[in-house]
>>> print(open('start23.txt').read())   # compact mmCIF, C-alpha atoms
# COMPACT_ATOMS: atom_id res chain seq x y z
CA MET A 90 107.88 49.26 14.01
CA PRO A 91 106.29 51.98 11.81
CA GLU A 92 103.89 54.36 13.52
CA ASP A 93 100.78 53.34 11.53
CA ARG A 94 101.33 49.67 12.36
CA ARG A 95 101.79 50.57 15.99
CA ALA A 96 98.51 52.51 15.96
CA ALA A 97 96.75 49.59 14.27
CA TYR A 98 98.02 47.24 16.95
CA ARG A 99 96.91 49.60 19.73
CA ALA A 100 93.40 49.69 18.22
CA TYR A 101 93.36 45.90 17.85
CA ASP A 102 94.50 45.48 21.46
CA ARG A 103 91.84 47.87 22.70
CA VAL A 104 89.07 46.00 20.87
CA ARG A 105 90.28 42.62 22.14
CA ARG A 106 90.45 43.79 25.75
CA HIS A 107 87.14 45.62 25.81
CA GLU A 108 85.30 43.56 23.22
CA LEU A 109 82.33 42.82 25.43
CA GLU A 110 81.54 46.41 26.33
CA ILE A 111 82.30 47.79 22.85
CA VAL A 112 79.95 45.31 21.16
CA THR A 113 77.27 45.92 23.80
CA ARG A 114 77.55 49.67 23.31
CA LEU A 115 77.26 49.35 19.53
CA LEU A 116 74.20 47.12 19.83
CA GLU A 117 72.67 49.64 22.23
CA GLU A 118 73.18 52.33 19.61
CA VAL A 119 71.69 50.39 16.72
CA LEU A 120 68.76 48.52 18.26
CA PRO A 121 66.65 51.49 19.49
CA GLU A 122 66.34 52.61 15.85
CA MET A 123 64.85 49.27 14.85
CA PRO A 124 61.11 48.66 14.64
CA LYS A 125 59.57 46.06 16.90
CA PRO A 126 59.78 42.64 15.23
CA ARG A 127 56.47 40.99 14.52
CA GLY A 128 55.21 38.68 17.25
CA TRP A 129 56.98 40.38 20.14
CA SER A 130 55.42 42.64 22.74
CA HIS A 131 56.97 45.92 23.82
CA GLN A 132 56.76 45.31 27.53
CA PRO A 133 56.71 42.18 29.63
CA LEU A 134 53.25 41.52 30.99
CA VAL A 135 53.06 42.57 34.65
CA GLY A 136 50.08 42.45 36.96
CA ARG A 137 46.77 40.91 36.08
CA PRO A 138 46.27 40.00 32.44
CA GLY A 139 43.35 41.55 30.56
CA PRO A 140 40.16 39.60 29.97
CA HIS A 141 41.12 38.51 26.43
CA ARG A 142 44.81 37.89 27.07
CA ARG A 143 45.82 34.30 26.39
CA GLY A 144 48.96 32.26 26.93
CA ARG A 145 51.86 32.62 29.27
CA PRO A 146 53.05 36.15 30.04
CA GLU A 147 56.18 37.16 28.11
CA ARG A 148 59.21 37.25 30.37
CA PHE A 149 61.80 38.55 27.93
CA THR A 150 61.25 41.45 25.54
CA TRP A 151 62.76 41.61 22.08
CA GLU A 152 65.43 44.25 22.66
CA PRO A 153 67.39 42.56 25.47
CA MET A 154 67.08 39.25 23.66
CA ALA A 155 68.41 40.79 20.44
CA LYS A 156 71.35 42.20 22.42
CA ALA A 157 71.99 38.83 24.02
CA LEU A 158 71.92 37.08 20.64
CA GLY A 159 74.13 39.74 19.08
CA LEU A 160 76.66 39.30 21.87
CA MET A 161 76.48 35.54 21.57
CA HIS A 162 77.32 35.58 17.88
CA ALA A 163 79.84 38.42 18.08
CA LEU A 164 81.85 36.69 20.79
CA GLY A 165 81.51 33.22 19.27
CA TRP A 166 79.59 31.67 22.16
CA ASP A 167 77.29 28.70 21.66
CA TYR A 168 73.89 28.53 23.37
CA ARG A 169 75.23 26.84 26.50
CA GLN A 170 78.11 29.27 26.84
CA ALA A 171 75.74 32.20 26.39
CA GLU A 172 73.42 30.79 29.04
CA GLY A 173 76.30 30.31 31.48
CA ASN A 174 77.93 33.67 30.83
CA LEU A 175 74.66 35.55 31.21
CA TRP A 176 73.90 33.59 34.37
CA VAL A 177 77.23 34.48 35.94
CA ALA A 178 77.59 38.10 34.82
CA SER A 179 74.78 39.96 36.53
CA ASP A 180 76.28 43.34 35.58
CA LEU A 181 76.22 42.40 31.91
CA ARG A 182 72.65 41.19 32.29
CA ARG A 183 71.66 44.46 33.86
CA GLN A 184 73.44 46.39 31.14
CA ILE A 185 71.55 44.69 28.35
CA GLY A 186 68.27 44.90 30.24
CA LEU A 187 67.65 41.33 31.33
CA GLU A 188 66.37 40.79 34.83
CA GLU A 189 67.12 37.09 34.82
CA ALA A 190 69.31 34.87 32.67
CA PRO A 191 67.49 33.22 29.77
CA SER A 192 67.99 29.50 29.33
CA ARG A 193 69.62 28.13 26.20
CA MET A 194 66.23 27.04 24.86
CA THR A 195 64.86 30.53 25.39
CA LEU A 196 67.76 31.93 23.41
CA TRP A 197 67.13 29.47 20.61
CA ARG A 198 63.40 30.26 20.55
CA ALA A 199 64.17 33.97 20.50
CA GLU A 200 66.50 33.46 17.56
CA ARG A 201 63.70 31.70 15.74
CA ARG A 202 61.32 34.59 16.32
CA PHE A 203 63.44 37.25 14.60
CA SER A 204 62.50 37.10 10.93
CA GLU A 205 64.97 37.27 8.07
CA GLU A 206 63.54 40.61 6.91
CA TRP A 207 64.12 42.09 10.33
CA LEU A 208 67.69 40.77 10.41
CA ARG A 209 68.31 42.24 6.96
CA GLU A 210 67.05 45.60 8.19
CA LEU A 211 69.28 45.41 11.26
CA ASN A 212 72.26 44.64 9.06
CA GLU A 213 71.44 47.67 6.89
CA LYS A 214 71.44 49.84 10.00
CA VAL A 215 74.85 48.50 11.03
CA LEU A 216 76.22 48.94 7.52
CA ALA A 217 74.92 52.51 7.30
CA ALA A 218 77.88 53.52 9.47
CA PHE A 219 80.27 52.20 6.82
CA LYS A 220 78.61 53.60 3.75
CA LYS A 221 79.61 56.86 2.16
CA LYS A 222 76.61 58.94 1.10
CA SER A 223 74.60 57.01 -1.49
CA VAL A 224 77.23 55.40 -3.67
CA THR A 225 76.19 52.08 -5.13
CA LEU A 226 78.55 49.13 -5.24
CA ALA A 227 78.79 49.27 -9.04
CA GLU A 228 79.74 52.98 -8.95
CA GLU A 229 82.36 52.38 -6.29
CA PHE A 230 83.76 49.48 -8.29
CA GLU A 231 84.01 51.58 -11.46
CA ARG A 232 85.56 54.49 -9.56
CA SER A 233 88.29 52.38 -8.01
CA ARG A 234 88.99 50.72 -11.37
CA ARG A 235 89.29 54.09 -13.11
CA THR A 236 91.48 55.51 -10.35
CA ARG A 237 93.86 52.62 -10.65
CA ARG A 238 94.09 52.91 -14.42
CA GLY A 239 94.58 56.64 -14.22
CA SER A 240 97.43 56.34 -11.72
CA GLY A 241 99.74 55.08 -14.48
CA ASN A 242 100.15 51.69 -12.91
CA THR A 243 100.24 49.78 -16.18
CA ARG A 244 101.98 46.50 -16.65
CA GLY A 245 104.00 45.85 -19.73
CA GLY A 246 104.34 42.57 -21.58
CA SER A 247 101.67 40.64 -23.35
CA GLY A 248 102.40 37.06 -22.50
CA GLY A 249 101.70 35.20 -19.32
CA ARG A 250 99.30 35.64 -16.50
CA SER A 251 99.60 39.04 -14.91
CA ASP A 252 98.67 38.37 -11.35
CA SER A 253 97.93 40.97 -8.71
CA GLY A 254 101.60 41.23 -7.85
CA GLY A 255 101.89 44.24 -10.19
CA GLY A 256 100.33 46.61 -7.74
CA SER A 257 98.40 46.54 -4.53
CA PRO A 258 94.85 47.79 -4.44
CA SER A 259 94.27 51.02 -2.62
CA ASP A 260 93.06 50.91 0.96
CA SER A 261 89.81 52.69 0.22
CA SER A 262 88.75 50.21 -2.44
CA ALA A 263 89.62 47.25 -0.23
CA SER A 264 87.57 48.54 2.65
CA SER A 265 84.63 49.46 0.49
CA MET A 266 84.59 46.09 -1.22
CA SER A 267 84.87 44.16 2.00
CA SER A 268 81.94 45.97 3.54
CA ALA A 269 80.01 45.55 0.34
CA SER A 270 80.75 41.86 0.26
CA ALA A 271 79.40 41.50 3.76
CA GLU A 272 76.27 43.24 2.64
CA GLU A 273 76.03 41.06 -0.43
CA LYS A 274 76.37 37.91 1.59
CA ASP A 275 73.64 38.90 3.91
CA GLY A 276 71.47 39.92 1.03
CA GLY A 277 72.18 36.67 -0.81
CA MET B 1023 74.24 26.69 -8.74
CA LEU B 1024 75.46 30.05 -9.98
CA ARG B 1025 72.19 30.71 -11.73
CA THR B 1026 70.18 29.87 -8.59
CA LEU B 1027 72.32 32.31 -6.66
CA LEU B 1028 72.08 35.11 -9.19
CA ASP B 1029 68.33 34.64 -9.66
CA ARG B 1030 67.83 36.17 -6.22
CA MET B 1031 69.40 39.46 -7.30
CA GLU B 1032 66.98 41.79 -9.00
CA ALA B 1033 69.29 44.62 -10.08
CA PRO B 1034 71.44 44.43 -13.27
CA LEU B 1035 74.42 42.31 -12.39
CA GLY B 1036 77.51 44.33 -13.34
CA PRO B 1037 80.86 42.48 -13.22
CA VAL B 1038 80.47 38.89 -11.97
CA LEU B 1039 83.67 37.30 -10.66
CA GLY B 1040 84.16 33.60 -10.08
CA ASP B 1041 86.82 30.94 -10.23
CA ALA B 1042 87.26 28.43 -13.06
CA ALA B 1043 84.67 26.10 -11.56
CA TYR B 1044 81.96 28.50 -12.74
CA ALA B 1045 83.43 28.95 -16.20
CA GLY B 1046 80.86 27.27 -18.40
CA ARG B 1047 79.21 28.47 -21.57
CA ARG B 1048 75.72 28.44 -20.09
CA ASN B 1049 76.80 30.37 -17.00
CA VAL B 1050 78.59 32.97 -19.08
CA THR B 1051 75.60 33.40 -21.38
CA TYR B 1052 73.28 33.71 -18.40
CA VAL B 1053 75.41 36.47 -16.85
CA ALA B 1054 75.63 38.32 -20.18
CA ASP B 1055 71.85 38.06 -20.71
CA ARG B 1056 71.25 39.60 -17.29
CA GLY B 1057 73.33 42.62 -18.25
CA GLY B 1058 76.44 41.44 -16.43
CA GLU B 1059 80.05 41.08 -17.45
CA PRO B 1060 81.47 37.59 -16.76
CA TYR B 1061 84.99 37.27 -15.35
CA PHE B 1062 85.71 33.55 -14.99
CA PRO B 1063 89.35 32.80 -15.88
CA PRO B 1064 89.28 29.96 -18.41
CA LYS B 1065 91.79 27.15 -18.18
CA PHE B 1066 94.66 26.87 -20.60
CA ARG B 1067 93.28 24.12 -22.80
CA TRP B 1068 89.79 25.49 -23.22
CA THR B 1069 88.85 26.75 -26.66
CA ALA B 1070 87.13 29.97 -27.59
CA ARG B 1071 84.59 28.17 -29.79
CA ALA B 1072 81.26 29.84 -29.17
CA GLU B 1073 78.99 26.84 -29.84
CA GLY B 1074 75.99 29.13 -29.69
CA HIS B 1075 77.28 31.16 -26.75
CA ALA B 1076 78.81 34.35 -28.11
CA ALA B 1077 79.54 35.74 -24.63
CA TRP B 1078 81.85 32.80 -23.96
CA ARG B 1079 83.95 33.60 -27.01
CA ARG B 1080 84.15 37.25 -26.01
CA MET B 1081 85.25 36.36 -22.49
CA VAL B 1082 87.91 33.86 -23.54
CA LEU B 1083 89.36 36.16 -26.19
CA ARG B 1084 89.44 39.06 -23.75
CA TYR B 1085 91.33 36.86 -21.32
CA ARG B 1086 93.83 35.75 -23.97
CA HIS B 1087 94.43 39.06 -25.71
CA HIS B 1088 94.19 41.46 -22.76
CA PRO B 1089 95.08 39.49 -19.62
CA GLU B 1090 96.09 42.64 -17.75
CA LEU B 1091 92.66 44.20 -18.29
CA PHE B 1092 90.99 40.97 -17.23
CA HIS B 1093 92.97 40.78 -14.01
CA GLU B 1094 92.41 44.47 -13.37
CA THR B 1095 88.83 43.51 -12.53
CA TYR B 1096 89.37 39.94 -11.39
CA ARG B 1097 91.66 41.02 -8.54
CA PHE B 1098 88.61 42.26 -6.59
CA ARG B 1099 87.70 38.64 -5.94
CA ALA B 1100 90.43 38.58 -3.29
CA ASN B 1101 88.41 41.05 -1.19
CA VAL B 1102 85.34 38.84 -1.18
CA GLU B 1103 87.39 35.72 -0.44
CA GLY B 1104 89.15 37.58 2.36
CA ALA B 1105 85.83 38.59 3.95
CA PHE B 1106 84.53 35.01 3.84
CA SER B 1107 87.79 33.70 5.23
CA ALA B 1108 87.70 36.19 8.12
CA ILE B 1109 84.15 35.15 9.01
CA LYS B 1110 85.10 31.47 9.00
CA ARG B 1111 88.19 32.06 11.12
CA HIS B 1112 86.36 34.26 13.57
CA GLN B 1113 83.15 32.30 13.98
CA GLY B 1114 83.90 28.81 12.75
CA ALA B 1115 83.21 27.17 9.43
CA PHE B 1116 79.93 25.50 10.38
CA LEU B 1117 76.46 26.42 11.55
CA ARG B 1118 74.87 24.83 14.59
CA ALA B 1119 71.27 24.91 13.39
CA ARG B 1120 69.87 21.90 11.62
CA SER B 1121 66.83 23.18 9.77
CA ALA B 1122 67.32 25.34 6.69
CA VAL B 1123 65.25 28.21 8.13
CA MET B 1124 67.30 28.39 11.31
CA GLN B 1125 70.54 28.03 9.37
CA ARG B 1126 69.65 31.14 7.38
CA ARG B 1127 68.85 33.05 10.56
CA GLU B 1128 72.02 31.92 12.27
CA ALA B 1129 74.05 32.95 9.24
CA GLY B 1130 72.26 36.32 9.30
CA TRP B 1131 73.16 36.86 12.96
CA ARG B 1132 76.76 35.95 12.20
CA MET B 1133 76.97 38.49 9.41
CA ILE B 1134 75.55 41.15 11.71
CA ALA B 1135 78.02 40.16 14.41
CA ARG B 1136 80.87 40.39 11.92
CA ASN B 1137 79.81 43.84 10.79
CA VAL B 1138 79.46 45.00 14.40
CA ASP B 1139 82.96 43.69 15.05
CA LEU B 1140 84.34 45.61 12.05
CA LEU B 1141 82.56 48.73 13.20
CA ALA B 1142 84.05 48.30 16.67
CA ARG B 1143 87.53 48.06 15.20
CA ALA B 1144 87.03 51.10 13.00
CA ARG B 1145 85.82 53.12 15.99
CA ALA B 1146 88.67 51.92 18.18
CA ALA B 1147 91.18 52.88 15.50
CA ARG B 1148 89.65 56.36 15.36
CA GLU B 1149 89.56 56.80 19.12
CA THR B 1150 92.96 55.31 19.94
CA PRO B 1151 95.61 58.02 20.24
>>> encode(input="start23.txt", output="structure tokens")
Amino acid sequence: MPEDRRAAYRAYDRVRRHELEIVTRLLEEVLPEMPKPRGWSHQPLVGRPGPHRRGRPERFTWEPMAKALGLMHALGWDYRQAEGNLWVASDLRRQIGLEEAPSRMTLWRAERRFSEEWLRELNEKVLAAFKKKSVTLAEEFERSRRTRRGSGNTRGGSGGRSDSGGGSPSDSSASSMSSASAEEKDGG
Amino acid sequence: MLRTLLDRMEAPLGPVLGDAAYAGRRNVTYVADRGGEPYFPPKFRWTARAEGHAAWRRMVLRYRHHPELFHETYRFRANVEGAFSAIKRHQGAFLRARSAVMQRREAGWRMIARNVDLLARARAARETP
């Protein structure tokens, strides 16, 4: 097996085995940079409520709930699985900052409270790690097209459909387009 | 459908790639009017008659006379299809939410989860000896 394929497999294996902690760590890096979503309080209400405070005290704050929802979607859990896994794994709960396990309805309600604008902003923060400086998608597209033309990879013959079998796209363009497509989808 | 989708984008469009299902004169004209460049591969039997849509004629003739240039750009569609396919394989091809609002939010969370997953892989590849 070639060395680069072996390295790729080692990385894949590492992510699969430690998926839970890697995803949690990444969410811990990204979420503190985010502003508080509208409608959530910073701290759970403890002690006596003030004279004008109404409603039930908030038991779960936005950051642990965002981590729980991020984990749920990253690991492909449904609401019931997320409820069960958070109930069982007290160390995971402690790591993401939850004192008690939220029920599946609480998770669903929390998901409803994060607005689309906030989610878009969070996605931008995640994507910032992929992006190179301030290159727009159109510029990157043009650059990769020009590079390919300039490399002398021309196909002869006029007739017939010239499919992509004539040459494989470079790695850099593939990665940039895939990240851009993810961004586009979220934006769309 | 295509026009509804593209209406949400404010910036000039640039190259717009799509399969033959989107290849219609009105779609092509719409993309050209928005400053974009349509790349919808026409089917074999379709004619280049403009019928009031000059951009259609340009696109079909470009496809017929310079297929290699056409596919030079069209090949990027594979990247987008690959990304969608990976999301569907990883997280399933359906959403659990029933209302449209919650479906959009669930889809948003899934995209974030997918990007976090990609970031995790990239980091692991960098850190793995």
>>> residues_around(input="start23.txt", residues="His162 in chain A", least_positions_apart="5", cutoff="12 Å", atoms="all atoms listed in the file", output="MDAnalysis selection string")
(chainID A and resid 109 112:113 155:157 167:168 170:171 196 200) or (chainID B and resid 1109 1112:1114 1117:1118 1127:1139)
>>> atom_distance(input="start23.txt", atom1="CA of Pro191 in chain A", atom2="CA of Trp176 in chain A")
7.9 Å
>>> closest_residue(input="start23.txt", among="B:Thr1026, B:Tyr1044, B:Glu1073, B:Trp1068", to="chain A", atoms="all atoms listed in the file")
B:Thr1026
>>> closest_residue(input="start23.txt", among="A:Gly186, A:Pro140, A:Gly173, A:Gly165", to="Glu108 in chain A", atoms="only C-alpha atoms")
A:Gly165
>>> residues_around(input="start23.txt", residues="range 1047-1056 of chain B", least_positions_apart="3", cutoff="10 Å", atoms="only C-alpha atoms", output="VMD selection string")
chain B and resid 1023 to 1025 1028 to 1029 1032 to 1038 1044 1059 to 1062 1071 to 1081
>>> atom_distance(input="start23.txt", atom1="CA of Thr195 in chain A", atom2="CA of Leu158 in chain A")
10.7 Å
>>> atom_distance(input="start23.txt", atom1="CA of Glu188 in chain A", atom2="CA of Glu205 in chain A")
27.0 Å
>>> closest_residue(input="start23.txt", among="B:Ala1108, B:Ala1146, B:Leu1027, B:Leu1140", to="His107 in chain A", atoms="all atoms listed in the file")
B:Ala1146
>>> closest_residue(input="start23.txt", among="A:Met194, A:Ala163, A:Phe230, A:Glu189", to="chain B", atoms="only C-alpha atoms")
A:Ala163
>>> closest_residue(input="start23.txt", among="B:Arg1030, B:Gln1125, B:Asp1041, B:Leu1083", to="chain A", atoms="all atoms listed in the file")
B:Arg1030
